[in-house]
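Here is upload_14.tsv, consisting of TSV, C-alpha atoms:
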chain	number	residue	atom	x	y	z
A	143	MET	CA	110.82	77.44	-21.84
A	144	ASN	CA	110.24	78.24	-18.19
A	145	HIS	CA	112.10	76.69	-15.27
A	146	ASP	CA	112.39	73.03	-16.40
A	147	THR	CA	109.73	73.25	-19.10
A	148	PHE	CA	110.65	72.56	-22.71
A	149	LYS	CA	108.50	72.00	-25.76
A	150	ILE	CA	110.12	69.36	-27.95
A	151	VAL	CA	108.67	68.95	-31.42
A	152	GLY	CA	109.30	65.72	-33.32
A	153	GLU	CA	108.15	64.84	-36.81
A	154	ASN	CA	104.61	64.02	-35.69
A	155	ASN	CA	104.66	64.59	-31.93
A	156	VAL	CA	104.82	67.36	-29.35
A	157	ILE	CA	106.42	66.72	-25.97
A	158	TYR	CA	106.35	68.97	-22.91
A	159	THR	CA	108.69	68.43	-19.96
A	160	ASP	CA	107.64	69.37	-16.40
A	161	PRO	CA	104.97	71.91	-17.49
A	162	TYR	CA	105.10	74.99	-15.26
A	163	GLU	CA	103.66	78.50	-15.72
A	164	ILE	CA	102.32	77.62	-19.15
A	165	GLU	CA	100.46	80.21	-21.21
A	166	GLU	CA	96.76	79.55	-21.77
A	167	GLN	CA	96.95	79.06	-25.54
A	168	VAL	CA	99.58	76.51	-26.46
A	169	GLU	CA	99.90	73.62	-28.85
A	170	LYS	CA	98.63	70.48	-27.15
A	171	ALA	CA	100.96	67.65	-26.18
A	172	ASP	CA	101.16	64.10	-27.40
A	173	PHE	CA	103.46	63.33	-24.47
A	174	VAL	CA	104.12	65.04	-21.14
A	175	THR	CA	106.97	64.12	-18.80
A	176	VAL	CA	107.01	64.80	-15.05
A	177	SER	CA	110.32	64.25	-13.30
A	178	HIS	CA	109.08	64.34	-9.70
A	179	SER	CA	106.31	65.57	-7.44
A	180	HIS	CA	107.53	69.04	-6.37
A	181	LEU	CA	105.06	71.78	-7.29
A	182	ASP	CA	107.40	73.52	-9.74
A	183	HIS	CA	107.60	70.29	-11.76
A	184	LEU	CA	104.20	68.74	-11.14
A	185	SER	CA	101.64	71.50	-11.61
A	186	ILE	CA	98.20	70.02	-12.22
A	187	ASP	CA	96.87	73.32	-13.57
A	188	ASP	CA	99.69	73.58	-16.09
A	189	ILE	CA	99.46	69.95	-17.15
A	190	LYS	CA	95.75	70.49	-17.84
A	191	LYS	CA	96.67	73.36	-20.19
A	192	VAL	CA	98.77	71.13	-22.44
A	193	ILE	CA	97.02	67.75	-22.47
A	194	LYS	CA	94.34	66.57	-24.86
A	195	GLY	CA	92.24	63.41	-24.97
A	196	ASN	CA	95.02	61.07	-26.09
A	197	THR	CA	98.03	62.63	-24.35
A	198	ILE	CA	100.31	60.14	-22.63
A	199	ILE	CA	101.96	61.26	-19.38
A	200	LEU	CA	105.29	59.72	-18.35
A	201	ALA	CA	105.91	60.43	-14.66
A	202	SER	CA	108.10	59.26	-11.84
A	203	LYS	CA	106.43	56.90	-9.44
A	204	ASN	CA	106.42	59.48	-6.64
A	205	CYS	CA	103.84	61.49	-8.64
A	206	GLN	CA	101.05	58.93	-8.28
A	207	ASP	CA	99.13	60.62	-5.46
A	208	LYS	CA	99.07	64.04	-7.13
A	209	LEU	CA	98.31	62.86	-10.65
A	210	LYS	CA	95.49	60.49	-9.79
A	211	GLU	CA	92.92	63.28	-10.24
A	212	LEU	CA	93.75	63.50	-13.95
A	213	LYS	CA	91.77	61.45	-16.42
A	214	ALA	CA	94.68	60.62	-18.64
A	215	ASP	CA	96.88	57.75	-19.80
A	216	ILE	CA	99.66	57.88	-17.19
A	217	LYS	CA	102.67	55.59	-17.13
A	218	TYR	CA	104.73	55.68	-13.95
A	219	LEU	CA	108.44	55.03	-14.32
A	220	ILE	CA	111.24	54.06	-12.01
A	221	SER	CA	114.93	54.41	-12.75
A	222	ARG	CA	116.22	52.20	-15.59
A	223	GLU	CA	112.72	51.66	-16.99
A	224	LYS	CA	112.05	52.32	-20.67
A	225	VAL	CA	108.84	52.74	-22.66
A	226	GLU	CA	108.61	52.98	-26.43
A	227	PHE	CA	106.07	54.50	-28.80
A	228	GLY	CA	107.20	53.86	-32.35
A	229	GLN	CA	110.16	56.12	-33.09
A	230	ILE	CA	109.96	57.78	-29.64
A	231	SER	CA	111.16	56.26	-26.38
A	232	PHE	CA	111.53	57.46	-22.81
A	233	PHE	CA	114.24	56.00	-20.58
A	234	ALA	CA	114.16	56.91	-16.90
A	235	VAL	CA	117.46	57.54	-15.11
A	236	PRO	CA	118.21	58.49	-11.50
A	237	ALA	CA	117.88	62.10	-10.28
A	238	TYR	CA	118.80	62.95	-6.70
A	239	ASN	CA	121.01	65.09	-4.47
A	240	ILE	CA	124.42	64.13	-3.19
A	241	ASN	CA	125.41	67.45	-1.59
A	242	LYS	CA	122.28	69.63	-1.29
A	243	PHE	CA	120.64	69.32	2.14
A	244	ARG	CA	117.66	70.89	3.93
A	245	ALA	CA	119.18	69.66	7.22
A	246	LEU	CA	122.01	67.37	8.25
A	247	GLY	CA	121.61	64.11	6.36
A	248	GLN	CA	118.37	65.24	4.69
A	249	PRO	CA	118.83	65.97	0.97
A	250	PHE	CA	116.18	68.03	-0.82
A	251	HIS	CA	115.80	65.21	-3.36
A	252	PRO	CA	116.64	61.92	-1.65
A	253	ARG	CA	117.52	59.00	-3.87
A	254	GLN	CA	114.85	56.86	-2.22
A	255	GLN	CA	112.10	59.26	-3.36
A	256	ASN	CA	112.68	57.95	-6.88
A	257	GLY	CA	112.67	61.17	-8.86
A	258	VAL	CA	113.90	60.65	-12.40
A	259	GLY	CA	115.60	62.28	-15.30
A	260	LEU	CA	114.53	61.17	-18.75
A	261	ILE	CA	116.46	60.35	-21.88
A	262	ILE	CA	114.03	61.02	-24.69
A	263	SER	CA	114.96	59.33	-27.97
A	264	ILE	CA	113.38	60.64	-31.16
A	265	GLY	CA	114.73	58.65	-34.06
A	266	LYS	CA	118.52	58.91	-33.83
A	267	TYR	CA	118.48	61.90	-31.45
A	268	LYS	CA	118.74	61.57	-27.66
A	269	ILE	CA	117.69	64.42	-25.37
A	270	TYR	CA	118.51	64.19	-21.67
A	271	HIS	CA	116.20	66.11	-19.33
A	272	ALA	CA	117.97	65.91	-15.99
A	273	GLY	CA	115.10	66.80	-13.65
A	274	ASP	CA	116.27	67.95	-10.20
A	275	THR	CA	119.62	66.34	-9.64
A	276	ASP	CA	123.25	66.75	-8.76
A	277	ASN	CA	126.10	65.48	-10.89
A	278	ILE	CA	125.48	61.90	-9.80
A	279	PRO	CA	127.92	59.04	-10.51
A	280	GLU	CA	125.34	57.17	-12.61
A	281	ALA	CA	125.69	59.84	-15.30
A	282	SER	CA	128.76	58.04	-16.63
A	283	ASN	CA	126.46	55.16	-17.65
A	284	PHE	CA	123.84	57.22	-19.47
A	285	GLY	CA	125.52	56.79	-22.84
A	286	GLN	CA	125.85	59.36	-25.57
A	287	VAL	CA	123.24	62.14	-25.62
A	288	ASN	CA	122.89	64.78	-28.31
A	289	ILE	CA	121.27	67.46	-26.16
A	290	ALA	CA	121.54	67.83	-22.38
A	291	LEU	CA	119.03	69.97	-20.46
A	292	LEU	CA	120.76	70.65	-17.16
A	293	PRO	CA	119.81	72.54	-13.98
A	294	VAL	CA	122.31	75.23	-12.99
A	295	SER	CA	120.82	77.23	-10.10
A	296	GLY	CA	122.36	75.41	-7.16
A	297	THR	CA	120.63	75.20	-3.72
A	298	TYR	CA	118.30	72.33	-4.71
A	299	VAL	CA	120.15	71.12	-7.82
A	300	MET	CA	123.53	71.35	-9.51
A	301	THR	CA	125.38	74.63	-9.52
A	302	ALA	CA	126.57	75.98	-12.85
A	303	ASP	CA	130.06	74.63	-12.13
A	304	GLU	CA	128.71	71.20	-11.21
A	305	ALA	CA	126.64	71.14	-14.40
A	306	VAL	CA	129.84	71.80	-16.36
A	307	GLU	CA	131.32	68.69	-14.75
A	308	MET	CA	128.31	66.69	-15.94
A	309	VAL	CA	128.85	68.05	-19.45
A	310	LYS	CA	132.36	66.62	-19.32
A	311	VAL	CA	130.88	63.23	-18.48
A	312	LEU	CA	127.97	63.22	-20.93
A	313	LYS	CA	129.79	64.86	-23.85
A	314	PRO	CA	126.62	66.20	-25.51
A	315	LYS	CA	126.72	68.14	-28.75
A	316	VAL	CA	124.50	70.85	-27.21
A	317	ALA	CA	123.82	71.77	-23.57
A	318	ILE	CA	120.96	74.00	-22.44
A	319	PRO	CA	120.79	75.39	-18.88
A	320	MET	CA	117.49	75.25	-16.96
A	321	HIS	CA	116.08	75.63	-13.44
A	322	TYR	CA	116.76	79.33	-13.01
A	323	GLY	CA	114.83	82.57	-13.17
A	324	SER	CA	111.54	81.39	-11.62
A	325	ILE	CA	111.90	79.71	-8.24
A	326	ILE	CA	115.62	80.08	-7.73
A	327	GLY	CA	118.70	81.03	-9.69
A	328	THR	CA	119.33	83.87	-12.10
A	329	GLN	CA	120.46	84.60	-15.62
A	330	GLU	CA	123.96	84.87	-14.20
A	331	ASP	CA	123.91	81.15	-13.41
A	332	ALA	CA	123.08	80.40	-17.04
A	333	LYS	CA	125.82	82.73	-18.27
A	334	ARG	CA	128.39	81.22	-15.92
A	335	PHE	CA	127.47	77.77	-17.21
A	336	LYS	CA	127.78	78.91	-20.81
A	337	ASP	CA	131.14	80.58	-20.22
A	338	LYS	CA	132.62	77.40	-18.77
A	339	ALA	CA	130.77	74.64	-20.64
A	340	SER	CA	131.36	76.18	-24.09
A	341	LYS	CA	134.85	74.68	-23.96
A	342	TYR	CA	133.26	71.24	-24.27
A	343	CYS	CA	130.12	71.66	-26.39
A	344	GLU	CA	127.77	74.21	-27.87
A	345	VAL	CA	125.72	75.95	-25.17
A	346	VAL	CA	122.38	77.59	-25.92
A	347	ILE	CA	120.57	79.83	-23.43
A	348	LEU	CA	116.84	79.84	-24.19
A	349	LYS	CA	115.48	81.89	-21.28
A	350	ASN	CA	116.45	85.59	-21.16

Rewrite the structure from the file as structure tokens, please.
Amino acid sequence: MNHDTFKIVGENNVIYTDPYEIEEQVEKADFVTVSHSHLDHLSIDDIKKVIKGNTIILASKNCQDKLKELKADIKYLISREKVEFGQISFFAVPAYNINKFRALGQPFHPRQQNGVGLIISIGKYKIYHAGDTDNIPEASNFGQVNIALLPVSGTYVMTADEAVEMVKVLKPKVAIPMHYGSIIGTQEDAKRFKDKASKYCEVVILKN
């Protein structure tokens, strides 16, 4: 895992989320998700490292311009849109800022730019990859998730404390902090999240 990148292995499928700073030799993906168009989430070079001839890319609609150079099966999603592939499905949910601004009235991730989080269902398991978001009110309608992958660095996304508040809403069995240690945020953000969120669910830190 690096930044917001996770490798999720199902029974017969490999999924990568927001590939970034990927090693050269990795297992190839059946599915790749891209939450939005910022360079630390949409890295063409890194996506090329993980895709193969039949990889399917699930991306937010604001990625169209940057992804058009790829010769791949790309499905662009907007919030509340769902696509299914047998036992695997991808459900797009909103991801945006409510209190992180580059200037007065200008959030880093405006709602109208249509970035997404994704709820990835593999059989009976639901994994929520939040993308770059704050603890938005829509989270109360996401339904039960088993695993929540949540940003904790602050500045552009939720702080560790705000991510704890989302844990209270989502009630996952396991929460994993992300979005720290590369562009912004430190291991201390992950530790702070674990210290506070462990009251509500199991917390696993994957990046040391």

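CA of Tyr218 (chain A) is found 5.0 Å from CA of Lys203 (chain A).
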
Between A:Phe335, A:Phe173, A:Tyr322, A:Phe148, single out the one closest to Phe227 (chain A), counting all atoms listed in the file.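 Smallest separation from Phe227 (chain A) among the options: A:Phe173.
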
Any chance you could tabulate, as JSON lines, the residues of region 232-288 of chain A at most 6 Å from region 296-307 of chain A with each one's nearest atom pair and distance in Å to one decimal, using all atoms listed in the file, in chain and rising number order?
{"residue": "A:Lys242", "atom": "CA", "partner": "A:Tyr298", "partner_atom": "CA", "distance": 5.9}
{"residue": "A:Asp274", "atom": "CA", "partner": "A:Val299", "partner_atom": "CA", "distance": 5.5}
{"residue": "A:Thr275", "atom": "CA", "partner": "A:Val299", "partner_atom": "CA", "distance": 5.1}
{"residue": "A:Asp276", "atom": "CA", "partner": "A:Met300", "partner_atom": "CA", "distance": 4.7}

Find the distance between CA of Met320 (chain A) and CA of Thr175 (chain A) and write it in Å to one decimal.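 One can read the CA of Met320 (chain A) to CA of Thr175 (chain A) distance as 15.4 Å.
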
Find, counting only C-alpha atoms, the residue in A:Asp331, A:Asp207, A:Glu226, A:Asp215 that gets nearest to Ile264 (chain A).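 Counting only C-alpha atoms, the residue closest to Ile264 (chain A) is A:Glu226.
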
Just the residues within 12 Å of Arg253 (chain A), please, counting all atoms listed in the file, with nothing from its chain fewer than 4 positions along; format it as a list in words.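 My reading of the contact set: His178, Asn204, Ile220, Ser221, Val235, Pro236, Ala237, Tyr238, Asn239, Ile240, Asn241, Lys242, Gln248, Pro249, Gly257, Val258, Asp274, Thr275, Asp276, Ile278 and Glu280 of chain A.
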